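Q: Can you keep this structure in mind? I'll have questions shortly.
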Amino acid sequence: MTDLQRTCLHDLHVELGARMVPFAGYEMPVQYPMGVMGEHQHTRAQAGLFDVSHMGQVILRAPAEALEALVPMDIAGLAEGRQRYAFFTDDSGGILDDLMVANRGDHLFLVVNAACKDADIAHLRAHLDGVEPITDRALLALQGPMAEKALARLVPGVTEMRFMDVRSLDWDGTGLWISRSGYTGEDGFEISLPEPRAEAFARALLAMDEVAPIGLGARDSLRLEAGLCLYGHDIDTTTSPVEAGLTWAIQKRRRAEGGFPGADRIQRELSDGPDRLRVGLRPEGRAPMREGTKLFAAEDSAEPVGAITSGGFGPSLQAPIAMGYLPVDLTKPETVVWAELRGKRLPARVVSLPFRPSTYRK
Amino acid sequence: MKYTEEHEWLRVEGDLVVVGITEHAAEQLGDVVFVELPELETQVAKGDEICVIESVKAASDILAPLDGEIVETNEALIDNPALVNEDPTGDAWFFKMKIADMAELDSYMDEDAYKDFIG
């Protein structure tokens, strides 16, 4: 793994017994000795600590309206101290990346996917001034029903925050940029902090009984149960936000006014409906249906009508779960479609997302 | 006990060969959530993909280690795939096969060689 970058917590992961794998150009922990199943359950029951320092953090010193030229979100209406889910769209209405945008007073703070960060920064710079990628801060996520209790021991001010709030809070003389958000469907926080202090902060959390380190394996099963999209899998340049069921993220003013890349298609799909939609699927039986599995309208139909984009086993449901795209007439909950697995057609039931209700502190 | 490079173990039981996956393989796979077993009384050829094992994250196959006939499968794994992690070399055997020539087993690694193989 010589060409891979490492986060500043690499040695801590190794010390904790992580199995390290290549991910988005980084050497990252996929699991710790607890294992994916145990880590998933621990996060749902207590609190899990994730190193997400591979993700891109960017300060944007540009007017909110300027960013609106690249995303179909209401950025001008984003209040100071608040964060919003967003995506960059392209001229054909596809999704270039999904991201979080926070209003931190005199600047916007963006968190983008690791695999897309170079392209995102180039895209931002091509259209905007004041793009400042951050390369000296780690990013941690603390997720789960006990995340608030654990984090409040170090940073009491977090109890004042609600879902999607962002604050600058002090820990032992170190400035933390905290948002109450995450990627697990749980209440929790994402914490940006200077690299030299990241290991001490992580160790202080890990020393608490409720907190265990969680790898990318459980991060994926947690977000899948929460029905959250993984860029490059469930969404990409071939999927529009409307097809992906992300219209909730496009605020009313932007729907009406347009003025973002791909607005023609996105506004048309908003008014007329898309041809296909992202759905949740519950395979009948125990066999997981993975990404790429073809979906058919009937057990004996010749041509596939869609495919699975994320799939695996949901430890909280103790059953296989998947997401994929289907023509709109097959997306009603309880519709049965057929997945081709190892030459056999197996039934799967369309269900509404998320698979497991989220527990955000709204 | 004999071992394959695909991390299967082979144990002779009378005139049958019992097949499972090694502790090392089970550990690498992680929590097993699904097992698909071969059909009984099927003739298999060495290298055929005859079982599917899925963990939370990934799917992998068990290959037929030898030419022969599947005569028994471990149905307990269907209801309790986690057995593969709990007791990979004991209760979590996958299938038993009848083979023409027991001498074919000699080509596989013994325990010391397997330990060297996995480092």
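Residues in the structure tokens are numbered from 1 in each chain, the chains being A, B, ... in the order shown, and ligands are numbered from 1 in the order shown.
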Could you work out which residues of chain B fall inside 12 Å of chain A? Count only C-alpha atoms, and format the result as a compact mmCIF listing (two decimals) with N, CA and C atoms, in the first residue's frame.
A:
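Below is the file that was written, part22.txt:
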# COMPACT_ATOMS: atom_id res chain seq x y z
N ALA B 26 -12.00 -17.83 7.91
CA ALA B 26 -13.18 -17.31 8.61
C ALA B 26 -12.90 -15.94 9.18
N GLU B 27 -11.69 -15.79 9.71
CA GLU B 27 -11.33 -14.50 10.30
C GLU B 27 -11.24 -13.42 9.22
N GLN B 28 -10.66 -13.78 8.08
CA GLN B 28 -10.55 -12.81 6.98
C GLN B 28 -11.93 -12.41 6.44
N LEU B 29 -12.83 -13.37 6.37
CA LEU B 29 -14.18 -13.08 5.86
C LEU B 29 -14.94 -12.16 6.79
N GLY B 30 -14.74 -12.35 8.08
CA GLY B 30 -15.56 -11.61 9.05
C GLY B 30 -16.89 -12.32 9.26
N ASP B 31 -17.84 -11.59 9.86
CA ASP B 31 -19.09 -12.21 10.27
C ASP B 31 -19.86 -12.78 9.09
N VAL B 32 -20.00 -14.10 9.07
CA VAL B 32 -20.70 -14.77 7.97
C VAL B 32 -22.21 -14.66 8.19
N VAL B 33 -22.93 -14.23 7.16
CA VAL B 33 -24.37 -14.01 7.30
C VAL B 33 -25.20 -14.89 6.37
N PHE B 34 -24.54 -15.58 5.46
CA PHE B 34 -25.29 -16.40 4.50
C PHE B 34 -24.38 -17.48 3.95
N VAL B 35 -24.94 -18.69 3.88
CA VAL B 35 -24.22 -19.81 3.28
C VAL B 35 -25.14 -20.52 2.31
N GLU B 36 -24.65 -20.79 1.12
CA GLU B 36 -25.39 -21.61 0.16
C GLU B 36 -24.59 -22.88 -0.07
N LEU B 37 -25.26 -24.02 0.10
CA LEU B 37 -24.58 -25.31 0.03
C LEU B 37 -24.85 -25.98 -1.30
N GLU B 49 -17.11 -23.89 -8.48
CA GLU B 49 -17.61 -23.08 -7.35
C GLU B 49 -18.88 -23.73 -6.85
N ILE B 50 -18.81 -24.34 -5.68
CA ILE B 50 -19.98 -25.12 -5.26
C ILE B 50 -20.67 -24.59 -4.00
N CYS B 51 -20.02 -23.69 -3.26
CA CYS B 51 -20.69 -23.08 -2.11
C CYS B 51 -20.50 -21.57 -2.19
N VAL B 52 -21.44 -20.84 -1.63
CA VAL B 52 -21.29 -19.40 -1.51
C VAL B 52 -21.25 -19.05 -0.02
N ILE B 53 -20.32 -18.22 0.36
CA ILE B 53 -20.26 -17.72 1.73
C ILE B 53 -20.30 -16.21 1.64
N GLU B 54 -21.22 -15.59 2.38
CA GLU B 54 -21.27 -14.13 2.37
C GLU B 54 -21.10 -13.60 3.79
N SER B 55 -20.23 -12.64 3.92
CA SER B 55 -20.10 -11.92 5.19
C SER B 55 -20.86 -10.60 5.04
N VAL B 56 -20.86 -9.79 6.09
CA VAL B 56 -21.59 -8.53 6.03
C VAL B 56 -21.17 -7.76 4.78
N LYS B 57 -19.87 -7.78 4.50
CA LYS B 57 -19.32 -6.94 3.44
C LYS B 57 -19.17 -7.61 2.08
N ALA B 58 -18.85 -8.91 2.06
CA ALA B 58 -18.43 -9.48 0.78
C ALA B 58 -18.88 -10.92 0.59
N ALA B 59 -18.86 -11.33 -0.67
CA ALA B 59 -19.21 -12.70 -1.01
C ALA B 59 -17.97 -13.45 -1.45
N SER B 60 -17.89 -14.73 -1.11
CA SER B 60 -16.83 -15.54 -1.67
C SER B 60 -17.33 -16.96 -1.91
N ASP B 61 -16.54 -17.74 -2.61
CA ASP B 61 -16.96 -19.09 -2.99
C ASP B 61 -16.09 -20.14 -2.32
N LEU B 77 -25.71 -24.81 8.85
CA LEU B 77 -25.12 -23.53 8.43
C LEU B 77 -26.15 -22.60 7.79
N ILE B 78 -27.22 -23.18 7.24
CA ILE B 78 -28.25 -22.38 6.58
C ILE B 78 -28.94 -21.49 7.63
N ASP B 79 -29.32 -22.12 8.74
CA ASP B 79 -30.03 -21.37 9.79
C ASP B 79 -29.09 -20.57 10.68
N ASN B 80 -27.86 -21.02 10.76
CA ASN B 80 -26.91 -20.36 11.66
C ASN B 80 -25.56 -20.16 10.98
N PRO B 81 -25.50 -19.21 10.02
CA PRO B 81 -24.24 -18.99 9.29
C PRO B 81 -23.09 -18.57 10.21
N ALA B 82 -23.43 -17.99 11.38
CA ALA B 82 -22.40 -17.51 12.30
C ALA B 82 -21.54 -18.65 12.84
N ASN B 85 -17.94 -18.67 11.90
CA ASN B 85 -16.98 -17.89 12.68
C ASN B 85 -16.70 -18.55 14.04
Q: Find the residues near Tyr231 of chain A: any atom within 10 Å, counting only C-alpha atoms, skip ones fewer than 3 places away on the same chain, and give them as an MDAnalysis selection string.
A: chainID A and resid 95:99 113 115:116 228 234:237
Q: Please produce a file of the residues just selected, as a CSV table (one decimal), in the first residue's frame, where the atoms kept are all heavy atoms.
A:
chain,number,residue,atom,x,y,z
A,95,ILE,N,-25.3,14.0,-10.9
A,95,ILE,CA,-24.7,14.4,-9.6
A,95,ILE,C,-23.2,14.2,-9.7
A,95,ILE,O,-22.7,13.1,-9.9
A,95,ILE,CB,-25.3,13.6,-8.4
A,95,ILE,CG1,-26.8,13.9,-8.4
A,95,ILE,CG2,-24.6,14.1,-7.1
A,95,ILE,CD1,-27.5,13.0,-7.3
A,96,LEU,N,-22.4,15.3,-9.5
A,96,LEU,CA,-20.9,15.2,-9.5
A,96,LEU,C,-20.4,14.8,-8.1
A,96,LEU,O,-19.3,14.1,-8.1
A,96,LEU,CB,-20.4,16.6,-9.8
A,96,LEU,CG,-20.6,17.1,-11.3
A,96,LEU,CD1,-20.3,18.6,-11.4
A,96,LEU,CD2,-19.7,16.3,-12.2
A,97,ASP,N,-21.0,15.1,-7.1
A,97,ASP,CA,-20.7,14.7,-5.7
A,97,ASP,C,-21.8,15.2,-4.8
A,97,ASP,O,-22.5,16.2,-5.1
A,97,ASP,CB,-19.3,15.3,-5.3
A,97,ASP,CG,-18.8,14.6,-4.0
A,97,ASP,OD1,-19.3,13.5,-3.7
A,97,ASP,OD2,-17.8,15.1,-3.5
A,98,ASP,N,-21.9,14.5,-3.6
A,98,ASP,CA,-22.7,15.1,-2.6
A,98,ASP,C,-21.9,15.6,-1.5
A,98,ASP,O,-20.7,15.1,-1.3
A,98,ASP,CB,-23.8,14.1,-2.2
A,98,ASP,CG,-23.3,12.8,-1.5
A,98,ASP,OD1,-22.2,12.5,-1.7
A,98,ASP,OD2,-24.1,12.2,-0.9
A,99,LEU,N,-22.4,16.5,-0.7
A,99,LEU,CA,-21.5,17.2,0.3
A,99,LEU,C,-22.4,17.9,1.4
A,99,LEU,O,-23.6,17.9,1.3
A,99,LEU,CB,-20.7,18.3,-0.4
A,99,LEU,CG,-21.4,19.5,-1.0
A,99,LEU,CD1,-20.5,20.7,-1.0
A,99,LEU,CD2,-21.9,19.2,-2.4
A,113,ASN,N,-16.7,14.2,-0.5
A,113,ASN,CA,-16.2,12.8,-0.5
A,113,ASN,C,-14.8,12.8,-0.9
A,113,ASN,O,-14.3,13.5,-1.7
A,113,ASN,CB,-17.1,12.0,-1.5
A,113,ASN,CG,-18.4,11.6,-0.9
A,113,ASN,OD1,-18.4,11.0,0.2
A,113,ASN,ND2,-19.5,12.0,-1.5
A,115,ALA,N,-13.1,10.5,-2.5
A,115,ALA,CA,-12.8,10.1,-3.9
A,115,ALA,C,-13.0,11.2,-4.9
A,115,ALA,O,-12.4,11.2,-6.0
A,115,ALA,CB,-13.6,8.9,-4.3
A,116,CYS,N,-13.8,12.2,-4.5
A,116,CYS,CA,-14.1,13.3,-5.4
A,116,CYS,C,-13.4,14.6,-5.1
A,116,CYS,O,-13.6,15.6,-5.8
A,116,CYS,CB,-15.6,13.6,-5.4
A,116,CYS,SG,-16.7,12.2,-5.8
A,228,LEU,N,-29.1,6.0,3.2
A,228,LEU,CA,-28.3,7.2,2.7
A,228,LEU,C,-27.5,6.7,1.5
A,228,LEU,O,-26.9,5.6,1.5
A,228,LEU,CB,-27.4,7.7,3.9
A,228,LEU,CG,-28.1,8.2,5.1
A,228,LEU,CD1,-27.1,8.5,6.2
A,228,LEU,CD2,-28.9,9.5,4.8
A,234,ASP,N,-24.8,4.7,-5.4
A,234,ASP,CA,-26.2,5.0,-5.5
A,234,ASP,C,-26.5,6.3,-6.3
A,234,ASP,O,-27.6,6.4,-6.8
A,234,ASP,CB,-26.8,5.1,-4.1
A,234,ASP,CG,-26.5,3.9,-3.2
A,234,ASP,OD1,-26.9,2.8,-3.6
A,234,ASP,OD2,-25.8,4.1,-2.2
A,235,ILE,N,-25.5,7.1,-6.3
A,235,ILE,CA,-25.7,8.4,-7.1
A,235,ILE,C,-24.4,8.6,-7.9
A,235,ILE,O,-23.3,8.3,-7.3
A,235,ILE,CB,-26.0,9.6,-6.2
A,235,ILE,CG1,-25.1,9.7,-5.0
A,235,ILE,CG2,-27.5,9.5,-5.8
A,235,ILE,CD1,-25.3,10.9,-4.1
A,236,ASP,N,-24.5,9.2,-9.0
A,236,ASP,CA,-23.3,9.5,-9.8
A,236,ASP,C,-23.8,10.5,-11.0
A,236,ASP,O,-24.9,10.9,-10.9
A,236,ASP,CB,-22.5,8.3,-10.3
A,236,ASP,CG,-23.4,7.4,-11.2
A,236,ASP,OD1,-24.3,7.9,-11.8
A,236,ASP,OD2,-23.1,6.2,-11.2
A,237,THR,N,-22.9,10.6,-12.0
A,237,THR,CA,-23.3,11.6,-13.0
A,237,THR,C,-24.5,11.0,-13.9
A,237,THR,O,-25.1,11.8,-14.7
A,237,THR,CB,-22.1,11.9,-13.9
A,237,THR,OG1,-21.5,10.7,-14.4
A,237,THR,CG2,-21.1,12.7,-13.2
Q: Leaving out Phe94 of chain B and any residue of its chain fewer than 3 positions from it, which residues lie within 7 Å of it when counting only C-alpha atoms, given as a list in words?
A: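 Result of the neighbour search: Val19, Gly20, Thr73 and Asn74 of chain B.
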Q: Write the residues of the selection above to a file with C-alpha atoms, as a short mmCIF file (atom, residue, chain, number, x, y, z; two decimals), in the first residue's frame.
A:
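What follows is the written file again_36.cif:
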data_model
loop_
_atom_site.label_atom_id
_atom_site.label_comp_id
_atom_site.auth_asym_id
_atom_site.auth_seq_id
_atom_site.Cartn_x
_atom_site.Cartn_y
_atom_site.Cartn_z
CA VAL B 19 -14.57 -30.00 3.73
CA GLY B 20 -14.69 -26.69 5.58
CA THR B 73 -24.18 -31.09 3.44
CA ASN B 74 -24.29 -29.27 6.77
#
Q: Could you pull out the strand (DSSP E or B) residues of segment 163-343 of chain A from DSSP and send them as a PyMOL selection string?
A: chain A and resi 165-171+174-179+188-194+211-213+231+235+276-283+294-296+306-314+319-327+336-341
Q: Can you pull out every residue within 10 Å of Lys344 of chain A, counting only C-alpha atoms, but drop anything in the same chain fewer than 5 positions away, and send it as a PyMOL selection string?
A: chain A and resi 299+338-339
Q: For the residues in that selection, give me N, CA and C atoms as a JSON list (two decimals), in the first residue's frame.
A:
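Saved as again-v3.json:
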[["chain", "number", "residue", "atom", "x", "y", "z"],
["A", 299, "GLU", "N", -40.27, -13.13, -12.92],
["A", 299, "GLU", "CA", -39.31, -14.21, -12.75],
["A", 299, "GLU", "C", -38.74, -14.66, -14.08],
["A", 338, "TRP", "N", -37.64, -9.19, -9.22],
["A", 338, "TRP", "CA", -36.79, -10.38, -9.20],
["A", 338, "TRP", "C", -35.35, -10.01, -9.46],
["A", 339, "ALA", "N", -34.48, -10.54, -8.63],
["A", 339, "ALA", "CA", -33.05, -10.27, -8.76],
["A", 339, "ALA", "C", -32.36, -11.52, -9.26]]
Q: Near His7 of chain B, counting only C-alpha atoms, which residues have an atom at most 12 Å away, once you skip same-chain residues fewer than 3 positions from it, shown as a VMD selection string?
A: chain B and resid 2 to 4 10 19 to 29 60 to 65 88 to 89 108 to 111 114 to 115 117 to 118
Q: List as a list in words the protein and nucleic acid residues near Arg282 of chain A, meaning an atom at most 10 Å away when only C-alpha atoms are counted, but skip any in the same chain fewer than 5 places from it.
A: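 My reading of the contact set: Pro288, Met289, Gly311, Ala319, Pro320, Ile321, Ala322, Met323, Glu334, Val336, Pro347, Ala348, Arg349, Val350, Val351, Ser352 and Phe355 of chain A.
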Q: For Asp90 of chain A, list every protein, DNA or RNA residue within 10 Å, evaluated using only C-alpha atoms, and leave out those in the same chain fewer than 6 positions away; present the list as a list in words.
A: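 The filter keeps Leu70, Val71, Leu96, Asp97, Thr237, Thr238, Ser240, Phe260, Pro261, Gly262 and Ala263 of chain A.
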Q: Using N, CA and C atoms, can you export the residues from the last selection as a PDB file, in the first residue's frame?
A:
ATOM      1  N   LEU A  70     -23.656  26.397  -8.478  1.00  0.00           N
ATOM      2  CA  LEU A  70     -23.154  25.028  -8.654  1.00  0.00           C
ATOM      3  C   LEU A  70     -24.021  23.963  -7.997  1.00  0.00           C
ATOM      4  N   VAL A  71     -24.886  24.373  -7.079  1.00  0.00           N
ATOM      5  CA  VAL A  71     -25.723  23.406  -6.351  1.00  0.00           C
ATOM      6  C   VAL A  71     -27.184  23.882  -6.363  1.00  0.00           C
ATOM      7  N   LEU A  96     -22.409  15.290  -9.471  1.00  0.00           N
ATOM      8  CA  LEU A  96     -20.939  15.230  -9.495  1.00  0.00           C
ATOM      9  C   LEU A  96     -20.383  14.768  -8.147  1.00  0.00           C
ATOM     10  N   ASP A  97     -21.048  15.142  -7.078  1.00  0.00           N
ATOM     11  CA  ASP A  97     -20.670  14.700  -5.730  1.00  0.00           C
ATOM     12  C   ASP A  97     -21.752  15.183  -4.782  1.00  0.00           C
ATOM     13  N   THR A 237     -22.931  10.638 -11.968  1.00  0.00           N
ATOM     14  CA  THR A 237     -23.320  11.577 -13.032  1.00  0.00           C
ATOM     15  C   THR A 237     -24.460  11.019 -13.889  1.00  0.00           C
ATOM     16  N   THR A 238     -24.752   9.732 -13.783  1.00  0.00           N
ATOM     17  CA  THR A 238     -25.856   9.169 -14.575  1.00  0.00           C
ATOM     18  C   THR A 238     -27.194   9.228 -13.844  1.00  0.00           C
ATOM     19  N   SER A 240     -30.021  11.497 -11.706  1.00  0.00           N
ATOM     20  CA  SER A 240     -30.427  12.852 -11.335  1.00  0.00           C
ATOM     21  C   SER A 240     -30.880  12.837  -9.876  1.00  0.00           C
ATOM     22  N   PHE A 260     -29.156  26.546 -11.685  1.00  0.00           N
ATOM     23  CA  PHE A 260     -28.065  25.637 -11.293  1.00  0.00           C
ATOM     24  C   PHE A 260     -27.813  24.685 -12.461  1.00  0.00           C
ATOM     25  N   PRO A 261     -26.649  24.041 -12.520  1.00  0.00           N
ATOM     26  CA  PRO A 261     -26.376  23.153 -13.656  1.00  0.00           C
ATOM     27  C   PRO A 261     -27.416  22.035 -13.742  1.00  0.00           C
ATOM     28  N   GLY A 262     -27.885  21.794 -14.946  1.00  0.00           N
ATOM     29  CA  GLY A 262     -28.850  20.716 -15.150  1.00  0.00           C
ATOM     30  C   GLY A 262     -30.263  21.078 -14.737  1.00  0.00           C
ATOM     31  N   ALA A 263     -30.524  22.373 -14.539  1.00  0.00           N
ATOM     32  CA  ALA A 263     -31.849  22.788 -14.053  1.00  0.00           C
ATOM     33  C   ALA A 263     -32.967  22.357 -15.000  1.00  0.00           C
TER      34      ALA A 263
END
Q: Could you state the separation of atom CA of Thr331 of chain A and atom CA of Ala298 of chain A in Å, given to one decimal place?
A: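 It comes out at 14.0 Å.
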Q: How many Å separate atom CA of His233 of chain A from atom CA of Arg125 of chain A?
A: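 Separation of atom CA of His233 of chain A and atom CA of Arg125 of chain A: 25.6 Å.
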Q: Rounded to one decimal, what separation in Å do you get between atom CA of Ala249 of chain A and atom CA of Ile75 of chain A?
A: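 If I compute the distance from atom CA of Ala249 of chain A to atom CA of Ile75 of chain A, I get 11.4 Å.
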Q: Any chance you could list, as a list in words, the residues in segment 13-42 of chain B that come up alpha helix (DSSP H) when DSSP is run on the backbone?
A: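 Matching residues, listed in order: Glu23, His24, Ala25, Ala26, Glu27, Gln28 and Leu29 of chain B.
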Q: So which one's closest to Ile250 of chain A, A:Ala102, A:Met73, A:Leu353, A:Met164? Using only C-alpha atoms, please.
A: A:Met73
Q: Measuring atom to atom with only C-alpha atoms, identify which of A:Pro357, A:Ala202, A:Gly188, A:Pro72 is nearest to Gly94 of chain A.
A: A:Pro72
Q: Quick one: of A:Leu67, A:Glu190, A:Pro354, A:Val242, who's nearest to Asp129 of chain A, counting only C-alpha atoms?
A: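 Of all the options, A:Leu67 lies closest to Asp129 of chain A.
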